[in-house]
Protein chains: 2
Amino acid sequence: MESDPENALIAGGDEIRLLLVDDHAVVRRGLQMVLSLEPDLNVVGEAGDGREALARVADLRPHVVLMDLLMPVMNGVDATRAIKRDHPEIEVVALTSVLEDRLVIDAVEAGASGYLLKETGPEVLCAAIRAAHRGQVHLDPKARRRLVRELRTPEMRESLTARETETLRLVAKGLSNRDIAERLEVSEVTVKTHVSNILSKLAVQSRTQAALFALKEGLVGLE
Amino acid sequence: MESDPENALIAGGDEIRLLLVDDHAVVRRGLQMVLSLEPDLNVVGEAGDGREALARVADLRPHVVLMDLLMPVMNGVDATRAIKRDHPEIEVVALTSVLEDRLVIDAVEAGASGYLLKETGPEVLCAAIRAAHRGQVHLDPKARRRLVRELRTPEMRESLTARETETLRLVAKGLSNRDIAERLEVSEVTVKTHVSNILSKLAVQSRTQAALFALKEGLVGLE
DNA sequence: GGAATGCTCCACCTTTGGATGGAGGATGCC
DNA sequence: GGCATCCTCCATCCAAAGGTGGAGCATTCC
């Protein structure tokens, strides 16, 4: 570990100053514990919401901010945006328990240099912090997949076949697989096959999300 | 049976002339079989789609039309509307295998005097035909429930509590119960309780339908 | 002090949804 | 002909969703 030239370099007085932002004291505690084991990572402060985070950032001038996204008062996305606006040199790593498409997109768009799930292990967490400090972007693999997906323009999405489109249309009307099967006069397994392919092609996780997609795309109207 | 004064009356030369409309020959066959056992019910013709039905109606002047709603060329709802426009005295009984809200509403609104599921037994079927002939409306109990529901104005729907509304909002964004639980910081069982109550209050059958409802009501936007 | 309502949680259970991997027939393209 | 794509169907399996009937606790309202 100490043979790592990079660690040796930054251990020489160039430690990383961290600010923890999370509305749960226990989470901050846990992070403290984990990070205290790393000589080069130095937690210089905490904040319980976005507004507090802004004040701390101005005071403490951390190198990297570990930012929870779902918080009262001011959410992490807005806080990230504000921090990057006022202090572009400070890196923000988003850290949340929920993997939600919009959240990933918004966070990255707001200027986050990383997106981690709270379930990720200490090694990954530390690696992401150091990467951020070097100006690199480190996304959780899951988050990256979501993001890449979203950035693909609609026409880049694998196109649905005629039958799949028909199926999606009925999904978006709220029908169950059984109903769709009767409607299309095929077996329910066939419908499940179609739905499964639809979900995979649209890169969504549930029929409800597929329905929302169909509405967004104007495939069906809202009545 | 022949002690029934009403049957005796119409058996005296006043039989009910029926037109069967369904795109499946086997279904028409089956109906033929069932109805041939009833002396007062006389099938005078068949049609395989809505357009054909219109022609047959003009020719054969049936008293009652048994109309499938899902057909190629011209669907049963449009056919019903056309029949009631040109021949208001002819009664139409909708007969379908799918119980779908919009279909029930559209059929009744188009002028159908009945709505039956194909799974209903012969007795109910015959009773519905005779009721229609007498000018009475006979809906399948399930269909009636759906209709009554729909006719309740939105303000008559049981109102959602604050927490339920919050939950519905997240359902309508495509989140799973687990995601919602994390988001609201409650257990997944609690979310399931809320969702269950939401479905029951809104009188819908799935979270996807609940999501569509929320969108219609403007509870959430489409991004 | 009740009574009612809302929020949270639980256990138990059934149904639905969804993933995976495979298969055959139909069609059309090279 | 061979190849690819699509549509259909199947079995199996696991996870998610949803129903039912409870329960404790806090609040408010009478």
# chains A, B, ... in the order shown; residues from 1 in each chain; ligands from 1
call {"tool": "interface_residues", "arguments": {"of": "chain A", "to": "chain B", "cutoff": "9 Å", "atoms": "only C-alpha atoms", "output": "ChimeraX atom specification"}}
result
/A:70,97-100,171-176,179,182-183,205-212,215-216,222-223
call {"tool": "write_last_selection", "arguments": {"atoms": "N, CA, C and O atoms", "output": "mmCIF file, in the first residue's frame"}}
result
data_model
loop_
_atom_site.group_PDB
_atom_site.id
_atom_site.type_symbol
_atom_site.label_atom_id
_atom_site.label_comp_id
_atom_site.auth_asym_id
_atom_site.auth_seq_id
_atom_site.Cartn_x
_atom_site.Cartn_y
_atom_site.Cartn_z
ATOM 1 N N LEU A 70 -30.614 13.042 -1.235
ATOM 2 C CA LEU A 70 -31.967 13.222 -0.714
ATOM 3 C C LEU A 70 -31.903 13.774 0.701
ATOM 4 O O LEU A 70 -31.644 13.056 1.651
ATOM 5 N N SER A 97 -28.452 6.227 -1.450
ATOM 6 C CA SER A 97 -28.853 4.824 -1.312
ATOM 7 C C SER A 97 -29.764 4.401 -2.458
ATOM 8 O O SER A 97 -29.976 3.235 -2.698
ATOM 9 N N VAL A 98 -30.310 5.390 -3.141
ATOM 10 C CA VAL A 98 -31.261 5.086 -4.192
ATOM 11 C C VAL A 98 -30.606 5.266 -5.559
ATOM 12 O O VAL A 98 -29.922 6.249 -5.806
ATOM 13 N N LEU A 99 -30.847 4.295 -6.413
ATOM 14 C CA LEU A 99 -30.351 4.424 -7.776
ATOM 15 C C LEU A 99 -31.523 4.810 -8.657
ATOM 16 O O LEU A 99 -32.320 3.974 -9.041
ATOM 17 N N GLU A 100 -31.632 6.070 -8.910
ATOM 18 C CA GLU A 100 -32.789 6.526 -9.657
ATOM 19 C C GLU A 100 -32.305 7.315 -10.871
ATOM 20 O O GLU A 100 -31.443 8.186 -10.750
ATOM 21 N N VAL A 171 -49.703 -1.998 -22.543
ATOM 22 C CA VAL A 171 -49.098 -1.840 -21.217
ATOM 23 C C VAL A 171 -49.350 -0.419 -20.734
ATOM 24 O O VAL A 171 -49.707 -0.196 -19.585
ATOM 25 N N ALA A 172 -49.187 0.514 -21.645
ATOM 26 C CA ALA A 172 -49.320 1.934 -21.291
ATOM 27 C C ALA A 172 -50.769 2.328 -21.062
ATOM 28 O O ALA A 172 -51.057 3.452 -20.676
ATOM 29 N N LYS A 173 -51.682 1.409 -21.315
ATOM 30 C CA LYS A 173 -53.077 1.695 -20.987
ATOM 31 C C LYS A 173 -53.441 1.049 -19.660
ATOM 32 O O LYS A 173 -54.583 1.108 -19.223
ATOM 33 N N GLY A 174 -52.461 0.414 -19.065
ATOM 34 C CA GLY A 174 -52.678 -0.146 -17.740
ATOM 35 C C GLY A 174 -53.146 -1.586 -17.732
ATOM 36 O O GLY A 174 -53.550 -2.103 -16.703
ATOM 37 N N LEU A 175 -53.094 -2.250 -18.875
ATOM 38 C CA LEU A 175 -53.573 -3.625 -18.930
ATOM 39 C C LEU A 175 -52.553 -4.594 -18.334
ATOM 40 O O LEU A 175 -51.352 -4.373 -18.409
ATOM 41 N N SER A 176 -53.064 -5.660 -17.785
ATOM 42 C CA SER A 176 -52.197 -6.721 -17.260
ATOM 43 C C SER A 176 -51.769 -7.614 -18.417
ATOM 44 O O SER A 176 -52.317 -7.535 -19.516
ATOM 45 N N ASP A 179 -54.706 -9.572 -19.706
ATOM 46 C CA ASP A 179 -55.600 -8.759 -20.531
ATOM 47 C C ASP A 179 -55.021 -8.560 -21.928
ATOM 48 O O ASP A 179 -55.724 -8.651 -22.934
ATOM 49 N N GLU A 182 -55.385 -11.632 -24.068
ATOM 50 C CA GLU A 182 -56.728 -11.777 -24.637
ATOM 51 C C GLU A 182 -56.933 -10.797 -25.776
ATOM 52 O O GLU A 182 -57.492 -11.119 -26.810
ATOM 53 N N ARG A 183 -56.429 -9.614 -25.537
ATOM 54 C CA ARG A 183 -56.598 -8.553 -26.508
ATOM 55 C C ARG A 183 -55.890 -8.877 -27.815
ATOM 56 O O ARG A 183 -56.424 -8.643 -28.900
ATOM 57 N N GLN A 205 -37.005 -0.695 -15.853
ATOM 58 C CA GLN A 205 -37.028 -1.786 -14.889
ATOM 59 C C GLN A 205 -38.404 -2.370 -14.608
ATOM 60 O O GLN A 205 -38.514 -3.368 -13.921
ATOM 61 N N SER A 206 -39.428 -1.727 -15.097
ATOM 62 C CA SER A 206 -40.760 -2.250 -14.793
ATOM 63 C C SER A 206 -41.746 -1.806 -15.861
ATOM 64 O O SER A 206 -41.487 -0.882 -16.628
ATOM 65 N N ARG A 207 -42.875 -2.474 -15.891
ATOM 66 C CA ARG A 207 -43.903 -2.143 -16.877
ATOM 67 C C ARG A 207 -44.416 -0.711 -16.660
ATOM 68 O O ARG A 207 -44.788 -0.039 -17.625
ATOM 69 N N THR A 208 -44.433 -0.287 -15.409
ATOM 70 C CA THR A 208 -44.881 1.078 -15.142
ATOM 71 C C THR A 208 -43.933 2.077 -15.808
ATOM 72 O O THR A 208 -44.368 3.038 -16.453
ATOM 73 N N GLN A 209 -42.655 1.837 -15.678
ATOM 74 C CA GLN A 209 -41.692 2.722 -16.329
ATOM 75 C C GLN A 209 -41.834 2.650 -17.846
ATOM 76 O O GLN A 209 -41.701 3.664 -18.540
ATOM 77 N N ALA A 210 -42.104 1.473 -18.345
ATOM 78 C CA ALA A 210 -42.314 1.334 -19.786
ATOM 79 C C ALA A 210 -43.528 2.147 -20.218
ATOM 80 O O ALA A 210 -43.519 2.807 -21.261
ATOM 81 N N ALA A 211 -44.567 2.103 -19.384
ATOM 82 C CA ALA A 211 -45.776 2.861 -19.691
ATOM 83 C C ALA A 211 -45.468 4.358 -19.723
ATOM 84 O O ALA A 211 -45.895 5.074 -20.637
ATOM 85 N N LEU A 212 -44.704 4.815 -18.752
ATOM 86 C CA LEU A 212 -44.344 6.234 -18.708
ATOM 87 C C LEU A 212 -43.534 6.605 -19.953
ATOM 88 O O LEU A 212 -43.737 7.665 -20.540
ATOM 89 N N LEU A 215 -45.761 7.043 -22.883
ATOM 90 C CA LEU A 215 -46.489 8.302 -22.824
ATOM 91 C C LEU A 215 -45.595 9.461 -23.244
ATOM 92 O O LEU A 215 -46.001 10.335 -24.000
ATOM 93 N N LYS A 216 -44.360 9.419 -22.741
ATOM 94 C CA LYS A 216 -43.421 10.489 -23.080
ATOM 95 C C LYS A 216 -43.193 10.534 -24.578
ATOM 96 O O LYS A 216 -43.110 11.599 -25.180
ATOM 97 N N LEU A 222 -52.958 10.174 -23.165
ATOM 98 C CA LEU A 222 -53.409 9.955 -21.790
ATOM 99 C C LEU A 222 -54.929 9.955 -21.788
ATOM 100 O O LEU A 222 -55.561 10.620 -21.016
ATOM 101 N N GLU A 223 -55.479 9.233 -22.701
ATOM 102 C CA GLU A 223 -56.942 9.054 -22.877
ATOM 103 C C GLU A 223 -57.406 9.575 -24.208
ATOM 104 O O GLU A 223 -56.804 10.127 -25.001
#
call {"tool": "closest_atom_pairs", "arguments": {"of": "chain C", "to": "chain A", "cutoff": "10 Å", "atoms": "only C-alpha atoms (C1' of nucleotides)", "output": "JSON lines"}}
result
{"residue": "C:DT16", "atom": "C1'", "partner": "A:Ser176", "partner_atom": "CA", "distance": 8.5}
{"residue": "C:DG17", "atom": "C1'", "partner": "A:Lys192", "partner_atom": "CA", "distance": 8.2}
{"residue": "C:DG18", "atom": "C1'", "partner": "A:Ser196", "partner_atom": "CA", "distance": 6.5}
{"residue": "C:DA19", "atom": "C1'", "partner": "A:Ser196", "partner_atom": "CA", "distance": 7.7}
call {"tool": "write_last_selection", "arguments": {"atoms": "C-alpha atoms (C1' of nucleotides)", "output": "PDB file, in the first residue's frame"}}
result
ATOM      1  C1'  DT C  16     -48.478 -11.207 -11.138  1.00  0.00           C
ATOM      2  C1'  DG C  17     -44.389  -9.859 -13.185  1.00  0.00           C
ATOM      3  C1'  DG C  18     -40.016 -10.683 -15.056  1.00  0.00           C
ATOM      4  C1'  DA C  19     -35.538 -13.241 -16.363  1.00  0.00           C
TER       5       DA C  19
END
call {"tool": "select_by_dssp", "arguments": {"residues": "stretch 37-171 of chain A", "states": "strand (DSSP E)", "output": "list in words"}}
result
Leu41, Asn42, Val43, Val44, Gly45, Glu46, Ala47, Val64, Val65, Leu66, Met67, Glu91, Val92, Val93, Ala94, Leu95, Thr96, Gly114, Tyr115, Leu116, Leu117, His138 and Leu139 of chain A
call {"tool": "select_by_dssp", "arguments": {"residues": "stretch 1-221 of chain B", "states": "helix (DSSP H, G or I)", "output": "ChimeraX atom specification"}}
result
/B:5-11,25-36,50-60,76-86,101-110,122-133,141-151,154-156,162-171,177-184,188-202,207-216
call {"tool": "residues_around", "arguments": {"residues": "C:DT27", "least_positions_apart": "4", "cutoff": "12 Å", "atoms": "only C-alpha atoms (C1' of nucleotides)", "output": "mmCIF file with N, CA, C and O atoms (P, O5', C5', C4', C3', O3' and C1' of nucleotides), in the first residue's frame"}}
result
data_model
loop_
_atom_site.group_PDB
_atom_site.id
_atom_site.type_symbol
_atom_site.label_atom_id
_atom_site.label_comp_id
_atom_site.auth_asym_id
_atom_site.auth_seq_id
_atom_site.Cartn_x
_atom_site.Cartn_y
_atom_site.Cartn_z
ATOM 1 P P DC D 3 -25.552 -20.614 -42.934
ATOM 2 O "O5'" DC D 3 -26.280 -19.209 -42.710
ATOM 3 C "C5'" DC D 3 -25.931 -18.091 -43.516
ATOM 4 C "C4'" DC D 3 -26.784 -16.898 -43.112
ATOM 5 C "C3'" DC D 3 -27.038 -16.845 -41.603
ATOM 6 O "O3'" DC D 3 -26.537 -15.627 -41.070
ATOM 7 C "C1'" DC D 3 -29.072 -16.615 -42.841
ATOM 8 P P DA D 4 -26.656 -15.353 -39.486
ATOM 9 O "O5'" DA D 4 -27.856 -14.310 -39.440
ATOM 10 C "C5'" DA D 4 -27.912 -13.272 -40.415
ATOM 11 C "C4'" DA D 4 -29.224 -12.522 -40.276
ATOM 12 C "C3'" DA D 4 -29.636 -12.287 -38.824
ATOM 13 O "O3'" DA D 4 -30.013 -10.937 -38.649
ATOM 14 C "C1'" DA D 4 -31.379 -13.410 -39.997
ATOM 15 P P DT D 5 -30.363 -10.426 -37.173
ATOM 16 O "O5'" DT D 5 -31.936 -10.253 -37.240
ATOM 17 C "C5'" DT D 5 -32.528 -9.698 -38.410
ATOM 18 C "C4'" DT D 5 -34.036 -9.844 -38.340
ATOM 19 C "C3'" DT D 5 -34.604 -9.659 -36.925
ATOM 20 O "O3'" DT D 5 -35.643 -8.702 -36.967
ATOM 21 C "C1'" DT D 5 -35.427 -11.647 -37.902
ATOM 22 P P DC D 6 -36.234 -8.095 -35.576
ATOM 23 O "O5'" DC D 6 -37.699 -8.708 -35.562
ATOM 24 C "C5'" DC D 6 -38.438 -8.778 -36.790
ATOM 25 C "C4'" DC D 6 -39.533 -9.799 -36.667
ATOM 26 C "C3'" DC D 6 -40.279 -9.760 -35.329
ATOM 27 O "O3'" DC D 6 -41.651 -9.489 -35.573
ATOM 28 C "C1'" DC D 6 -39.737 -11.982 -35.957
ATOM 29 P P DC D 7 -42.582 -9.079 -34.321
ATOM 30 O "O5'" DC D 7 -43.446 -10.387 -34.071
ATOM 31 C "C5'" DC D 7 -44.136 -10.983 -35.158
ATOM 32 C "C4'" DC D 7 -44.525 -12.387 -34.766
ATOM 33 C "C3'" DC D 7 -45.157 -12.500 -33.383
ATOM 34 O "O3'" DC D 7 -46.519 -12.905 -33.508
ATOM 35 C "C1'" DC D 7 -43.506 -14.188 -33.744
#
call {"tool": "interface_residues", "arguments": {"of": "chain A", "to": "chain D", "cutoff": "10 Å", "atoms": "only C-alpha atoms (C1' of nucleotides)", "output": "ChimeraX atom specification"}}
result
/A:161-163,186-191,193-194,206
call {"tool": "residues_around", "arguments": {"residues": "B:Asp68", "least_positions_apart": "4", "cutoff": "12 Å", "atoms": "only C-alpha atoms (C1' of nucleotides)", "output": "PyMOL selection string"}}
result
chain B and resi 19-25+27-28+31+46-50+53+72+74-80+92-98+103-104+107+112+114-118
call {"tool": "write_last_selection", "arguments": {"atoms": "N, CA and C atoms", "output": "compact mmCIF listing (two decimals), in the first residue's frame"}}
result
# COMPACT_ATOMS: atom_id res chain seq x y z
N LEU B 19 -79.19 -10.94 -33.93
CA LEU B 19 -78.06 -10.91 -34.86
C LEU B 19 -76.79 -11.10 -34.04
N LEU B 20 -75.96 -12.07 -34.45
CA LEU B 20 -74.70 -12.32 -33.75
C LEU B 20 -73.55 -11.65 -34.48
N VAL B 21 -72.77 -10.86 -33.77
CA VAL B 21 -71.62 -10.21 -34.39
C VAL B 21 -70.36 -10.56 -33.62
N ASP B 22 -69.49 -11.29 -34.28
CA ASP B 22 -68.22 -11.69 -33.66
C ASP B 22 -67.29 -12.12 -34.77
N ASP B 23 -66.02 -11.80 -34.63
CA ASP B 23 -65.09 -12.15 -35.70
C ASP B 23 -64.65 -13.61 -35.65
N HIS B 24 -65.03 -14.30 -34.62
CA HIS B 24 -64.66 -15.71 -34.54
C HIS B 24 -65.86 -16.58 -34.87
N ALA B 25 -65.70 -17.38 -35.91
CA ALA B 25 -66.79 -18.27 -36.32
C ALA B 25 -67.16 -19.23 -35.20
N VAL B 27 -67.04 -18.81 -32.02
CA VAL B 27 -67.84 -18.14 -30.99
C VAL B 27 -69.29 -18.03 -31.46
N ARG B 28 -69.44 -17.64 -32.72
CA ARG B 28 -70.81 -17.53 -33.26
C ARG B 28 -71.50 -18.89 -33.20
N LEU B 31 -72.54 -19.67 -29.66
CA LEU B 31 -73.72 -18.88 -29.28
C LEU B 31 -74.96 -19.47 -29.92
N GLU B 46 -75.73 -13.54 -38.85
CA GLU B 46 -74.43 -13.37 -38.23
C GLU B 46 -73.62 -12.33 -39.00
N ALA B 47 -72.62 -11.80 -38.33
CA ALA B 47 -71.69 -10.90 -39.01
C ALA B 47 -70.31 -11.08 -38.40
N GLY B 48 -69.28 -10.88 -39.21
CA GLY B 48 -67.91 -11.13 -38.76
C GLY B 48 -67.16 -9.87 -38.39
N ASP B 49 -67.74 -8.72 -38.68
CA ASP B 49 -67.13 -7.47 -38.25
C ASP B 49 -68.18 -6.37 -38.21
N GLY B 50 -67.80 -5.22 -37.78
CA GLY B 50 -68.74 -4.14 -37.57
C GLY B 50 -69.44 -3.68 -38.86
N ALA B 53 -71.96 -6.01 -39.89
CA ALA B 53 -73.09 -5.94 -38.97
C ALA B 53 -74.09 -4.88 -39.39
N PRO B 72 -61.84 -6.70 -36.11
CA PRO B 72 -61.17 -5.97 -37.19
C PRO B 72 -62.18 -5.17 -38.00
N MET B 74 -64.27 -2.87 -38.34
CA MET B 74 -64.95 -1.82 -37.57
C MET B 74 -65.23 -2.41 -36.20
N ASN B 75 -64.77 -1.72 -35.17
CA ASN B 75 -64.94 -2.31 -33.85
C ASN B 75 -66.38 -2.21 -33.36
N GLY B 76 -66.67 -2.95 -32.31
CA GLY B 76 -68.03 -3.07 -31.83
C GLY B 76 -68.61 -1.79 -31.29
N VAL B 77 -67.77 -0.96 -30.72
CA VAL B 77 -68.27 0.30 -30.16
C VAL B 77 -68.79 1.20 -31.28
N ASP B 78 -67.97 1.35 -32.32
CA ASP B 78 -68.40 2.18 -33.45
C ASP B 78 -69.63 1.58 -34.12
N ALA B 79 -69.63 0.28 -34.25
CA ALA B 79 -70.78 -0.38 -34.87
C ALA B 79 -72.04 -0.14 -34.05
N THR B 80 -71.89 -0.23 -32.73
CA THR B 80 -73.03 0.00 -31.84
C THR B 80 -73.56 1.42 -32.02
N VAL B 92 -78.65 -3.28 -28.46
CA VAL B 92 -77.35 -3.91 -28.63
C VAL B 92 -76.83 -4.40 -27.28
N VAL B 93 -76.44 -5.63 -27.25
CA VAL B 93 -75.82 -6.17 -26.03
C VAL B 93 -74.35 -6.44 -26.33
N ALA B 94 -73.48 -5.78 -25.60
CA ALA B 94 -72.04 -5.99 -25.80
C ALA B 94 -71.62 -7.29 -25.16
N LEU B 95 -70.77 -8.00 -25.86
CA LEU B 95 -70.35 -9.32 -25.40
C LEU B 95 -68.87 -9.44 -25.69
N THR B 96 -68.07 -9.44 -24.63
CA THR B 96 -66.64 -9.47 -24.88
C THR B 96 -65.93 -10.32 -23.85
N SER B 97 -64.71 -10.67 -24.14
CA SER B 97 -63.97 -11.51 -23.21
C SER B 97 -63.12 -10.67 -22.26
N VAL B 98 -62.94 -9.43 -22.62
CA VAL B 98 -62.08 -8.57 -21.82
C VAL B 98 -62.91 -7.58 -21.03
N LEU B 103 -63.56 0.25 -22.32
CA LEU B 103 -64.46 -0.48 -23.20
C LEU B 103 -65.87 -0.46 -22.65
N VAL B 104 -65.99 -0.68 -21.35
CA VAL B 104 -67.30 -0.66 -20.72
C VAL B 104 -67.94 0.71 -20.91
N ALA B 107 -68.80 1.48 -24.57
CA ALA B 107 -69.92 0.68 -25.07
C ALA B 107 -71.24 1.25 -24.56
N ALA B 112 -75.08 0.78 -25.86
CA ALA B 112 -75.31 -0.64 -25.57
C ALA B 112 -76.25 -0.80 -24.38
N GLY B 114 -76.43 -3.58 -22.73
CA GLY B 114 -75.92 -4.63 -21.87
C GLY B 114 -74.43 -4.79 -22.09
N TYR B 115 -73.78 -5.38 -21.10
CA TYR B 115 -72.35 -5.65 -21.24
C TYR B 115 -72.10 -6.97 -20.57
N LEU B 116 -71.78 -7.97 -21.36
CA LEU B 116 -71.59 -9.31 -20.82
C LEU B 116 -70.18 -9.80 -21.11
N LEU B 117 -69.69 -10.61 -20.20
CA LEU B 117 -68.42 -11.28 -20.45
C LEU B 117 -68.72 -12.62 -21.09
N LYS B 118 -67.82 -13.04 -21.95
CA LYS B 118 -68.05 -14.31 -22.64
C LYS B 118 -68.03 -15.49 -21.69
call {"tool": "atom_distance", "arguments": {"atom1": "atom CA of B:Ala55", "atom2": "atom CA of B:Pro122"}}
result
27.3 Å
